[in-house]
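> Coordinates in structure-v5.txt, compact mmCIF, C-alpha atoms, are listed below.
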```txt
# COMPACT_ATOMS: atom_id res chain seq x y z
CA MET A 1 -11.83 -80.99 15.41
CA VAL A 2 -8.34 -79.63 15.79
CA ARG A 3 -8.09 -76.45 17.75
CA VAL A 4 -4.93 -74.48 17.97
CA GLY A 5 -4.54 -71.88 20.71
CA GLU A 6 -3.38 -68.56 19.36
CA GLY A 7 -1.93 -66.80 22.39
CA ASP A 8 -4.25 -63.81 22.56
CA GLY A 9 -7.28 -65.84 23.52
CA GLN A 10 -8.62 -66.19 20.01
CA VAL A 11 -8.92 -69.71 18.70
CA ALA A 12 -8.22 -70.47 15.08
CA ILE A 13 -9.92 -73.65 14.00
CA ALA A 14 -7.46 -76.02 12.38
CA GLY A 15 -5.93 -73.15 10.43
CA PRO A 16 -2.38 -74.48 10.02
CA LEU A 17 -3.44 -78.02 9.18
CA GLU A 18 -6.04 -76.90 6.65
CA ARG A 19 -3.43 -74.79 5.00
CA ALA A 20 -0.85 -77.60 5.03
CA ILE A 21 -3.36 -79.95 3.41
CA MET A 22 -4.25 -77.47 0.68
CA GLU A 23 -0.57 -76.80 -0.05
CA ALA A 24 0.28 -80.50 -0.12
CA LEU A 25 -2.51 -81.20 -2.62
CA TRP A 26 -1.67 -78.19 -4.79
CA ASP A 27 1.96 -79.39 -4.91
CA ALA A 28 1.03 -83.01 -5.58
CA GLN A 29 -0.59 -82.32 -8.96
CA LYS A 30 -2.70 -85.47 -8.60
CA PRO A 31 -5.42 -86.73 -6.24
CA LEU A 32 -4.01 -88.26 -3.04
CA LEU A 33 -5.18 -90.85 -0.54
CA ILE A 34 -5.38 -89.78 3.11
CA ARG A 35 -2.34 -91.95 3.86
CA GLU A 36 -0.25 -90.19 1.18
CA LEU A 37 -1.61 -86.83 2.24
CA MET A 38 -0.71 -87.50 5.87
CA GLU A 39 2.89 -88.34 4.92
CA LYS A 40 3.24 -85.10 2.97
CA VAL A 41 1.69 -82.98 5.70
CA ASN A 42 3.82 -84.54 8.43
CA ALA A 43 7.01 -84.32 6.38
CA GLY A 44 6.86 -80.54 6.47
CA SER A 45 5.89 -80.10 10.11
CA ALA A 46 7.36 -80.71 13.53
CA LYS A 47 4.02 -81.86 14.95
CA ARG A 48 2.63 -85.15 13.67
CA SER A 49 -1.02 -85.22 12.71
CA ALA A 50 -2.91 -88.48 13.13
CA TYR A 51 -4.58 -90.24 10.19
CA THR A 52 -8.08 -89.53 11.48
CA THR A 53 -7.26 -85.87 12.13
CA VAL A 54 -6.06 -85.38 8.55
CA GLN A 55 -9.15 -87.20 7.30
CA THR A 56 -11.53 -85.08 9.38
CA VAL A 57 -9.96 -81.83 8.26
CA ALA A 58 -9.83 -82.95 4.61
CA ASP A 59 -13.52 -83.91 4.73
CA ARG A 60 -14.37 -80.52 6.15
CA LEU A 61 -12.49 -78.91 3.28
CA VAL A 62 -14.60 -81.02 0.92
CA GLN A 63 -17.76 -79.74 2.64
CA LYS A 64 -16.56 -76.18 2.26
CA GLY A 65 -15.98 -76.77 -1.43
CA PHE A 66 -12.21 -76.30 -1.47
CA LEU A 67 -11.47 -80.00 -2.09
CA SER A 68 -13.25 -82.71 -4.02
CA ARG A 69 -12.96 -86.44 -3.41
CA THR A 70 -13.38 -89.38 -5.71
CA ALA A 71 -13.78 -93.04 -4.79
CA ASP A 72 -10.77 -95.27 -5.48
CA ARG A 73 -11.54 -98.89 -4.63
CA ASN A 74 -12.06 -98.80 -0.84
CA ALA A 75 -10.73 -95.33 -0.20
CA TRP A 76 -11.17 -91.70 -1.21
CA ARG A 77 -8.74 -89.64 -3.23
CA TYR A 78 -8.67 -85.92 -2.50
CA ALA A 79 -7.87 -83.10 -4.92
CA PRO A 80 -8.26 -79.32 -4.86
CA THR A 81 -11.33 -78.09 -6.75
CA ARG A 82 -9.29 -75.23 -8.20
CA SER A 83 -5.62 -74.75 -8.95
CA ARG A 84 -3.65 -72.48 -6.66
CA GLU A 85 -3.57 -69.74 -9.32
CA ASP A 86 -7.34 -69.93 -9.86
CA HIS A 87 -7.88 -69.83 -6.13
CA VAL A 88 -5.80 -66.66 -5.74
CA ALA A 89 -7.58 -65.12 -8.73
CA GLN A 90 -10.92 -65.94 -7.12
CA VAL A 91 -9.91 -64.37 -3.79
CA MET A 92 -8.77 -61.23 -5.61
CA ALA A 93 -11.99 -61.08 -7.61
CA GLU A 94 -13.96 -61.23 -4.34
CA ALA A 95 -11.84 -58.48 -2.83
CA LEU A 96 -12.51 -56.26 -5.82
CA ALA A 97 -16.16 -57.21 -6.26
CA GLU A 98 -17.36 -54.75 -3.63
CA THR A 99 -14.92 -51.99 -4.46
CA THR A 100 -16.95 -49.34 -6.15
CA ASP A 101 -13.96 -47.85 -7.92
CA ARG A 102 -12.22 -50.66 -9.73
CA GLY A 103 -11.03 -48.43 -12.57
CA PRO A 104 -7.98 -46.92 -10.86
CA VAL A 105 -6.65 -50.29 -9.63
CA LEU A 106 -6.88 -51.80 -13.08
CA ALA A 107 -5.44 -48.68 -14.71
CA ARG A 108 -2.52 -48.68 -12.29
CA PHE A 109 -1.97 -52.37 -12.97
CA ALA A 110 -2.03 -51.76 -16.73
CA GLU A 111 0.69 -49.11 -16.36
CA THR A 112 3.05 -51.38 -14.49
CA ILE A 113 3.08 -54.58 -16.52
CA ASP A 114 5.74 -55.01 -19.18
CA PRO A 115 4.82 -55.09 -22.91
CA GLN A 116 5.16 -58.87 -23.28
CA ASP A 117 2.82 -59.51 -20.35
CA ALA A 118 0.45 -56.89 -21.71
CA HIS A 119 0.31 -58.73 -25.01
CA ARG A 120 -0.37 -62.02 -23.26
CA LEU A 121 -3.09 -60.36 -21.19
CA LEU A 122 -4.72 -58.95 -24.30
CA MET A 123 -4.77 -62.42 -25.88
CA GLU A 124 -6.35 -63.86 -22.71
CA LEU A 125 -8.98 -61.14 -22.64
CA ALA A 126 -9.74 -61.65 -26.33
CA GLN A 127 -10.16 -65.40 -25.73
CA ARG A 128 -12.36 -64.73 -22.76
CA SER A 129 -14.67 -62.29 -24.51
CA ALA A 130 -15.03 -64.41 -27.68
CA PRO A 131 -17.29 -67.18 -26.25
CA THR A 132 -19.56 -64.73 -24.42
CA GLU A 133 -20.12 -62.75 -27.61
CA SER A 134 -21.02 -65.85 -29.59
CA ARG A 135 -23.44 -66.87 -26.84
CA SER A 136 -25.26 -63.55 -26.89
CA MET B 1 -50.45 -34.09 20.94
CA SER B 2 -50.70 -37.74 21.86
CA PRO B 3 -47.45 -39.66 22.36
CA LEU B 4 -48.17 -41.69 19.22
CA ALA B 5 -48.53 -38.57 17.10
CA GLU B 6 -45.33 -37.09 18.57
CA LEU B 7 -43.46 -40.30 17.92
CA GLY B 8 -44.83 -40.54 14.38
CA ALA B 9 -43.79 -36.97 13.63
CA ILE B 10 -40.24 -37.53 14.93
CA THR B 11 -39.88 -40.79 13.01
CA LEU B 12 -41.14 -39.18 9.83
CA ALA B 13 -38.82 -36.18 10.22
CA LEU B 14 -35.79 -38.40 10.83
CA GLY B 15 -36.66 -41.16 8.38
CA VAL B 16 -37.75 -38.97 5.48
CA GLY B 17 -36.13 -35.61 6.12
CA ALA B 18 -32.78 -36.12 7.85
CA GLY B 19 -31.13 -38.48 5.32
CA PRO B 20 -31.69 -36.40 2.18
CA LEU B 21 -30.69 -33.28 4.13
CA LEU B 22 -27.40 -34.86 5.25
CA SER B 23 -26.62 -36.29 1.83
CA ARG B 24 -26.88 -32.78 0.35
CA SER B 25 -24.85 -31.04 3.08
CA ALA B 26 -21.49 -29.78 1.84
CA TRP B 27 -19.86 -29.81 5.29
CA CYS B 28 -20.15 -33.61 5.47
CA GLN B 29 -17.15 -34.15 3.22
CA ARG B 30 -15.09 -31.61 5.13
CA ILE B 31 -15.61 -33.30 8.49
CA PRO B 32 -16.57 -36.88 7.64
CA ARG B 33 -16.09 -38.08 11.20
CA VAL B 34 -18.75 -35.69 12.49
CA ALA B 35 -20.96 -36.42 9.48
CA ALA B 36 -20.81 -40.13 10.30
CA LEU B 37 -21.98 -39.31 13.83
CA ALA B 38 -24.87 -37.27 12.41
CA TRP B 39 -25.83 -40.21 10.19
CA LEU B 40 -25.64 -42.57 13.15
CA GLY B 41 -28.01 -40.30 15.08
CA ALA B 42 -30.47 -40.04 12.20
CA LEU B 43 -30.47 -43.79 11.50
CA ALA B 44 -30.64 -44.93 15.12
CA GLY B 45 -33.30 -42.31 15.89
CA THR B 46 -35.45 -43.48 12.96
CA LEU B 47 -35.10 -47.06 14.14
CA ALA B 48 -35.98 -46.13 17.74
CA GLY B 49 -39.00 -44.21 16.45
CA LEU B 50 -40.23 -47.15 14.39
CA VAL B 51 -39.85 -49.57 17.28
CA GLY B 52 -41.67 -47.07 19.53
CA VAL B 53 -44.57 -46.69 17.08
CA VAL B 54 -45.05 -50.45 16.88
CA ALA B 55 -44.89 -50.74 20.69
CA LEU B 56 -47.35 -47.88 21.24
CA VAL B 57 -49.88 -49.09 18.69
CA SER B 58 -49.74 -52.62 20.11
CA THR B 59 -50.21 -51.57 23.72
CA GLY B 60 -52.67 -48.75 22.93
CA ARG B 61 -56.40 -48.76 23.65
CA HIS B 62 -57.15 -50.68 20.45
CA GLY B 63 -53.87 -52.59 20.36
CA LEU B 64 -53.48 -56.33 20.22
CA ALA B 65 -51.35 -56.50 23.37
CA HIS B 66 -53.99 -54.49 25.20
CA ARG B 67 -56.66 -56.78 23.83
CA ALA B 68 -54.77 -59.85 24.99
CA ALA B 69 -54.43 -58.40 28.49
CA GLU B 70 -58.12 -57.60 28.44
CA TRP B 71 -58.97 -61.15 27.52
CA ALA B 72 -56.77 -62.51 30.26
CA ALA B 73 -58.38 -60.18 32.82
CA ASN B 74 -61.95 -60.78 31.72
CA CYS B 75 -62.07 -64.43 30.74
CA TRP B 76 -63.45 -65.42 34.17
CA HIS B 77 -66.56 -63.41 33.44
CA HIS B 78 -67.04 -64.73 29.89
CA HIS B 79 -67.26 -61.37 28.25
CA ASP B 80 -64.69 -59.40 26.28
CA GLY B 81 -64.01 -55.72 25.82
CA SER B 82 -65.27 -53.39 23.18
CA GLY B 83 -64.26 -54.51 19.71
CA ALA B 84 -62.61 -52.31 17.09
CA PRO B 85 -61.90 -54.73 14.20
CA ALA B 86 -60.29 -52.15 11.92
CA ALA B 87 -57.84 -51.04 14.62
CA TYR B 88 -56.93 -54.63 15.43
CA ALA B 89 -56.43 -55.43 11.77
CA PHE B 90 -54.16 -52.40 11.41
CA ASN B 91 -52.19 -53.43 14.46
CA GLY B 92 -51.87 -56.98 13.15
CA ALA B 93 -50.58 -55.75 9.79
CA LEU B 94 -48.09 -53.47 11.56
CA LEU B 95 -46.76 -56.33 13.68
CA LEU B 96 -46.50 -58.62 10.66
CA SER B 97 -44.54 -56.05 8.69
CA ALA B 98 -42.26 -55.48 11.69
CA ILE B 99 -41.56 -59.20 11.82
CA ALA B 100 -40.99 -59.34 8.05
CA ALA B 101 -38.59 -56.36 8.18
CA THR B 102 -36.64 -57.95 11.03
CA TYR B 103 -36.38 -61.17 9.08
CA VAL B 104 -35.09 -59.39 5.97
CA ALA B 105 -32.50 -57.43 7.97
CA VAL B 106 -31.25 -60.45 9.91
CA THR B 107 -31.02 -62.59 6.77
CA ARG B 108 -29.09 -59.89 4.97
CA TYR B 109 -26.70 -59.41 7.89
CA ARG B 110 -26.04 -63.13 8.24
CA ARG B 111 -25.46 -63.50 4.52
CA THR B 112 -22.84 -60.76 4.59
CA VAL B 113 -21.09 -62.28 7.59
CA ALA B 114 -21.13 -65.73 5.96
CA GLN B 115 -19.63 -64.35 2.75
CA ARG B 116 -16.96 -62.57 4.73
CA ARG B 117 -16.09 -65.72 6.67
CA ARG B 118 -15.86 -67.70 3.47
CA HIS B 119 -13.54 -65.11 2.02
CA GLN B 120 -11.34 -65.35 5.11
CA GLU B 121 -11.16 -69.12 4.79
CA ALA B 122 -10.23 -68.94 1.13
CA LEU B 123 -7.68 -66.26 1.95
CA GLN B 124 -5.84 -68.14 4.68
CA PHE B 125 -4.57 -70.86 2.32
CA VAL B 126 -2.69 -68.48 0.09
CA VAL B 127 -1.36 -65.57 2.16
CA ARG B 128 2.15 -65.03 3.47
CA LEU B 129 2.58 -63.75 7.03
CA PRO B 130 5.31 -61.14 7.28
CA GLY B 131 7.22 -61.38 10.56
CA ASP B 132 7.70 -57.67 11.16
CA ILE B 133 4.07 -56.43 10.97
CA ASP B 134 1.73 -58.55 13.02
CA ASP B 135 -1.66 -57.41 11.72
CA VAL B 136 -0.94 -57.80 8.01
CA CYS B 137 -0.97 -60.71 5.60
CA VAL B 138 0.32 -60.59 2.06
CA LEU B 139 -1.54 -61.96 -0.94
CA ASP B 140 0.71 -62.70 -3.90
CA HIS B 141 -1.00 -60.92 -6.74
CA PRO B 142 0.17 -58.18 -9.10
CA LEU B 143 -2.95 -56.00 -8.66
CA PRO B 144 -2.16 -53.20 -6.16
CA VAL B 145 -4.79 -53.69 -3.48
CA ALA B 146 -5.09 -53.20 0.27
CA TYR B 147 -8.17 -53.93 2.35
CA CYS B 148 -9.23 -55.25 5.71
CA VAL B 149 -11.30 -58.25 6.67
CA PRO B 150 -12.51 -57.74 10.22
CA SER B 151 -12.36 -60.33 13.00
CA ARG B 152 -9.22 -62.10 11.93
CA LYS B 153 -5.94 -62.32 13.70
CA ARG B 154 -4.32 -60.52 10.75
CA PRO B 155 -7.14 -58.32 9.52
CA ILE B 156 -5.27 -56.27 6.90
CA VAL B 157 -4.59 -57.79 3.50
CA VAL B 158 -1.99 -56.19 1.26
CA SER B 159 -1.21 -57.59 -2.18
CA SER B 160 2.40 -58.08 -3.25
CA GLY B 161 1.62 -55.73 -6.14
CA ALA B 162 0.85 -53.02 -3.59
CA LEU B 163 4.05 -53.71 -1.63
CA ASP B 164 6.09 -53.38 -4.83
CA GLN B 165 4.72 -49.94 -5.52
CA LEU B 166 4.57 -48.32 -2.08
CA ASP B 167 7.58 -47.02 -0.21
CA ASP B 168 7.78 -47.39 3.56
CA VAL B 169 6.00 -44.16 4.49
CA GLN B 170 3.22 -44.77 1.97
CA LEU B 171 2.75 -48.29 3.31
CA GLN B 172 2.46 -46.84 6.84
CA ALA B 173 -0.21 -44.44 5.53
CA VAL B 174 -2.17 -47.31 3.99
CA LEU B 175 -1.90 -49.33 7.21
CA ALA B 176 -2.99 -46.33 9.29
CA HIS B 177 -6.05 -46.00 7.02
CA GLU B 178 -7.00 -49.66 7.42
CA ARG B 179 -6.34 -49.63 11.16
CA ALA B 180 -8.68 -46.64 11.48
CA HIS B 181 -11.44 -48.67 9.78
CA LEU B 182 -10.83 -51.51 12.21
CA ARG B 183 -10.48 -49.40 15.36
CA TYR B 184 -13.69 -47.47 14.75
CA ARG B 185 -15.60 -50.60 13.68
CA HIS B 186 -16.59 -49.12 10.33
CA HIS B 187 -17.42 -52.54 8.93
CA LEU B 188 -19.92 -53.18 11.73
CA PHE B 189 -21.63 -49.83 11.10
CA LEU B 190 -21.78 -50.39 7.34
CA THR B 191 -22.99 -53.98 7.58
CA THR B 192 -25.74 -52.97 10.00
CA VAL B 193 -26.84 -50.01 7.89
CA ASP B 194 -26.84 -52.22 4.80
CA ALA B 195 -29.00 -54.85 6.50
CA LEU B 196 -31.46 -52.26 7.85
CA ALA B 197 -31.59 -50.46 4.49
CA ALA B 198 -32.55 -53.76 2.84
CA ALA B 199 -35.52 -54.02 5.22
CA LEU B 200 -36.45 -50.33 5.40
CA PHE B 201 -35.79 -49.48 1.75
CA TRP B 202 -38.89 -47.24 1.73
CA LEU B 203 -37.28 -44.77 4.14
CA PRO B 204 -35.08 -42.23 2.33
CA THR B 205 -32.73 -41.88 5.32
CA PHE B 206 -31.74 -45.55 5.12
CA ARG B 207 -31.45 -45.51 1.32
CA GLU B 208 -29.29 -42.40 1.37
CA GLY B 209 -27.30 -43.62 4.36
CA ARG B 210 -26.32 -46.80 2.57
CA ARG B 211 -25.26 -44.71 -0.43
CA CYS B 212 -23.34 -41.95 1.40
CA LEU B 213 -21.75 -43.67 4.40
CA PRO B 214 -19.12 -45.85 2.66
CA ILE B 215 -17.27 -42.89 1.15
CA LEU B 216 -17.69 -40.78 4.31
CA LEU B 217 -16.03 -43.52 6.35
CA GLU B 218 -13.27 -43.82 3.73
CA MET B 219 -12.67 -40.10 4.10
CA ALA B 220 -12.69 -40.38 7.88
CA ALA B 221 -10.02 -43.10 7.66
CA ASP B 222 -8.07 -40.96 5.18
CA ASP B 223 -8.04 -38.17 7.77
CA VAL B 224 -6.65 -40.46 10.46
CA ALA B 225 -3.92 -41.62 8.08
CA ALA B 226 -3.23 -38.00 7.05
CA ARG B 227 -2.76 -36.94 10.66
CA ARG B 228 -0.16 -39.68 11.11
CA CYS B 229 1.65 -39.59 7.79
CA GLY B 230 0.71 -36.33 6.09
CA ARG B 231 -1.93 -35.65 3.48
CA GLY B 232 0.48 -35.75 0.56
CA THR B 233 1.62 -39.25 1.48
CA VAL B 234 -1.95 -40.52 1.77
CA ALA B 235 -2.83 -38.97 -1.58
CA VAL B 236 0.15 -40.58 -3.32
CA ALA B 237 -0.62 -43.94 -1.72
CA LEU B 238 -4.25 -43.61 -2.81
CA ARG B 239 -3.19 -42.91 -6.36
CA LYS B 240 -1.13 -46.06 -6.37
CA LEU B 241 -3.83 -48.41 -5.21
CA ALA B 242 -7.41 -48.85 -4.32
CA ILE B 243 -7.94 -49.06 -0.60
CA ALA B 244 -11.13 -50.98 -0.15
CA PRO B 245 -12.91 -50.90 3.23
CA SER B 246 -13.66 -54.57 3.52
CA PRO B 247 -14.78 -56.85 0.78
CA LEU B 248 -18.19 -58.44 1.10
CA GLY B 249 -19.29 -55.68 3.42
CA GLY B 250 -22.64 -56.06 1.77
CA LEU B 251 -22.38 -52.60 0.28
CA ALA B 252 -24.39 -52.26 -2.86
CA ALA B 253 -22.30 -50.87 -5.66
CA HIS B 254 -23.50 -47.46 -6.67
CA SER B 255 -22.57 -45.12 -9.46
CA ALA B 256 -21.03 -42.00 -8.03
CA ARG B 257 -21.37 -38.88 -10.10
CA ARG B 258 -17.68 -38.32 -9.71
CA SER B 259 -15.29 -41.14 -9.12
CA GLU B 260 -14.92 -41.79 -5.39
CA ILE B 261 -11.15 -41.87 -5.49
CA ASP B 262 -11.15 -38.51 -7.26
CA ARG B 263 -13.33 -37.01 -4.55
CA ARG B 264 -11.06 -38.36 -1.83
CA LEU B 265 -7.95 -37.10 -3.62
CA ALA B 266 -9.49 -33.68 -4.14
CA ARG B 267 -10.05 -33.15 -0.44
CA LEU B 268 -6.60 -34.45 0.52
CA GLU B 269 -4.96 -32.13 -1.97
CA THR B 270 -6.96 -28.97 -1.19
CA PRO B 271 -5.85 -27.49 2.15
CA THR B 272 -9.24 -25.91 2.93
CA ALA B 273 -11.20 -29.07 2.21
CA ILE B 274 -10.48 -30.60 5.61
CA ALA B 275 -11.56 -28.62 8.61
CA ASP B 276 -12.37 -29.47 12.16
CA ASN B 277 -14.96 -27.41 13.91
CA GLY B 278 -15.50 -27.96 17.62
CA ARG B 279 -18.88 -26.22 17.72
CA LEU B 280 -20.28 -28.22 14.84
CA ARG B 281 -18.98 -31.39 16.46
CA ARG B 282 -20.65 -30.67 19.79
CA LEU B 283 -23.88 -29.61 18.08
CA THR B 284 -23.92 -32.83 16.04
CA LEU B 285 -23.30 -34.89 19.15
CA VAL B 286 -26.22 -33.24 20.95
CA MET B 287 -28.48 -33.67 17.89
CA ALA B 288 -27.51 -37.32 17.50
CA VAL B 289 -28.14 -38.11 21.17
CA THR B 290 -31.47 -36.23 21.08
CA SER B 291 -32.62 -38.07 17.95
CA VAL B 292 -32.25 -41.39 19.73
CA ALA B 293 -33.23 -40.29 23.25
CA LEU B 294 -36.46 -38.50 22.29
CA PRO B 295 -38.28 -41.47 20.71
CA ALA B 296 -36.94 -43.76 23.44
CA LEU B 297 -38.16 -41.44 26.23
CA ILE B 298 -41.60 -40.95 24.68
CA SER B 299 -42.09 -44.72 24.33
CA ALA B 300 -40.75 -45.39 27.82
CA GLY B 301 -43.00 -42.70 29.31
CA TRP B 302 -46.03 -44.21 27.61
CA LEU B 303 -45.25 -47.73 28.75
CA ALA B 304 -44.59 -46.58 32.31
CA GLU B 305 -47.93 -44.79 32.52
CA MET B 306 -49.91 -47.64 31.06
CA PRO B 307 -52.05 -49.39 33.64
CA PHE B 308 -51.84 -53.15 33.47
CA PHE B 309 -55.55 -53.67 34.12
CA CYS B 310 -57.91 -51.04 32.93
```
For this file, write the structure as structure tokens.


Amino acid sequence: MVRVGEGDGQVAIAGPLERAIMEALWDAQKPLLIRELMEKVNAGSAKRSAYTTVQTVADRLVQKGFLSRTADRNAWRYAPTRSREDHVAQVMAEALAETTDRGPVLARFAETIDPQDAHRLLMELAQRSAPTESRS
Amino acid sequence: MSPLAELGAITLALGVGAGPLLSRSAWCQRIPRVAALAWLGALAGTLAGLVGVVALVSTGRHGLAHRAAEWAANCWHHHDGSGAPAAYAFNGALLLSAIAATYVAVTRYRRTVAQRRRHQEALQFVVRLPGDIDDVCVLDHPLPVAYCVPSRKRPIVVSSGALDQLDDVQLQAVLAHERAHLRYRHHLFLTTVDALAAALFWLPTFREGRRCLPILLEMAADDVAARRCGRGTVAVALRKLAIAPSPLGGLAAHSARRSEIDRRLARLETPTAIADNGRLRRLTLVMAVTSVALPALISAGWLAEMPFFC
């Protein structure tokens, strides 16, 4: 397990490396082997991470459900379970899920977006509500 | 009156009477900080009373703990004390329900904490860390949102949509609001009350506490922000976004008669709606301390007097 000291006594567990791995895989657009992943992660950082370290952290991300891995001959290929955009949308949905007053946020949002985006949003919402209606 | 009857009366008064009384009191919204203290007293006092009742019944003349001690003392002589099957059965049921309630509360608490941790993990992959404010991270999303996730290095999350809409002073007001939540450990209070309310749902004080406390603590944080940045600024900032306490705080969504944001805005925009009253504050403090101390002292007095071998 990689532990990174954080100055004020708190210890963040492998935060930076986890993040680097997620970003590398989101940028890659295709599943990567650990070797390829390690090259990408190390290219963007001053500190080199060892093969086994990257593998350990990637496997933990699989356990947590953020990555999935598929067998490719003798090795595993890793890919994010959700796109970056879906991931952000999910985080925002969680943040709003417990807010009792979602109305004002959404209303404020609706006021600020430009007409073209509003049209696109309406189309998305229409598409989204169509299947649920047919199911019920 | 026997200690058990006294304790039962106090627990009943706090657990059934205090909550509904507080939830109907108009002064609560004027001085939410003091109201939160009153709630804390009522809730902690009820809990202390319940624990005391279970302890007293178990160690009483017909209690299981007493019975066990009796067995241990008498087993050499191969005879046991006077039996009272109904009392023992009652005591057993009481202990079982205490264990069940503890299990429900602990499970609920752990679930909330696990959800919160998962949210933090998901968050850390996608936030930007601004260099100039060291307790804030920025989530790139057009929805104007600000909230705090406790126990992180950067506990306050502000969306880029919120940053676009707030000017500097308004952002300071929002940050002051979130920092007040963090400094006064509002999340800890709410998570605990939520867990206990899940276990003690049959007590009106816990039900009402879970319903009323979230908005009271929001108002308390609004007041802190208003003292720093002015009420008008807080009100404008509130209009621009939803300031959520902390996601996954385990707070059950409830339908307020009037929108919560509207209630908060109304008190920020009416000069008489916020008042501090030193006498009320001291009275509440005394009441809160008494509510907890009384059941604790009665139970302690009983246990101290109890002979170990009778």

> Quick one: distance from atom CA of B:Val224 to atom CA of B:Asp132 in Å, one decimal?

22.4 Å

> So that I can check the surroundings of A:Lys64, please list as an NGL selection string every protein, DNA and RNA residue that reaches within 10 Å of it, counting all atoms listed in the file and ignoring chain neighbours fewer than 5 positions away.

(:A and (58-59)) or (:B and (118 or 121-122))

> Taking (-18.7, -62.7, -3.1) as a centre in this file's frame and 8 Å as the limit, can you find every polymer residue with an atom that close, using only C-alpha atoms, and give them as a ChimeraX atom specification?

/A:94,97 /B:115,119,248

> Please determine, counting all atoms listed in the file, which residue among A:Ala126, A:Met92, A:Thr70, A:His119 has the shortest atom-to-atom distance to B:Ser160.

A:Met92

> When you draw a straight line from atom CA of A:Pro31 to atom CA of A:Arg82, how long is it in Å?

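Between these atoms lies a distance of 12.3 Å.
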
> Please, what distance in Å, to one decimal, runs between atom CA of A:Asp72 and atom CA of A:Leu33?

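Value for the atom CA of A:Asp72-atom CA of A:Leu33 distance: 8.7 Å.
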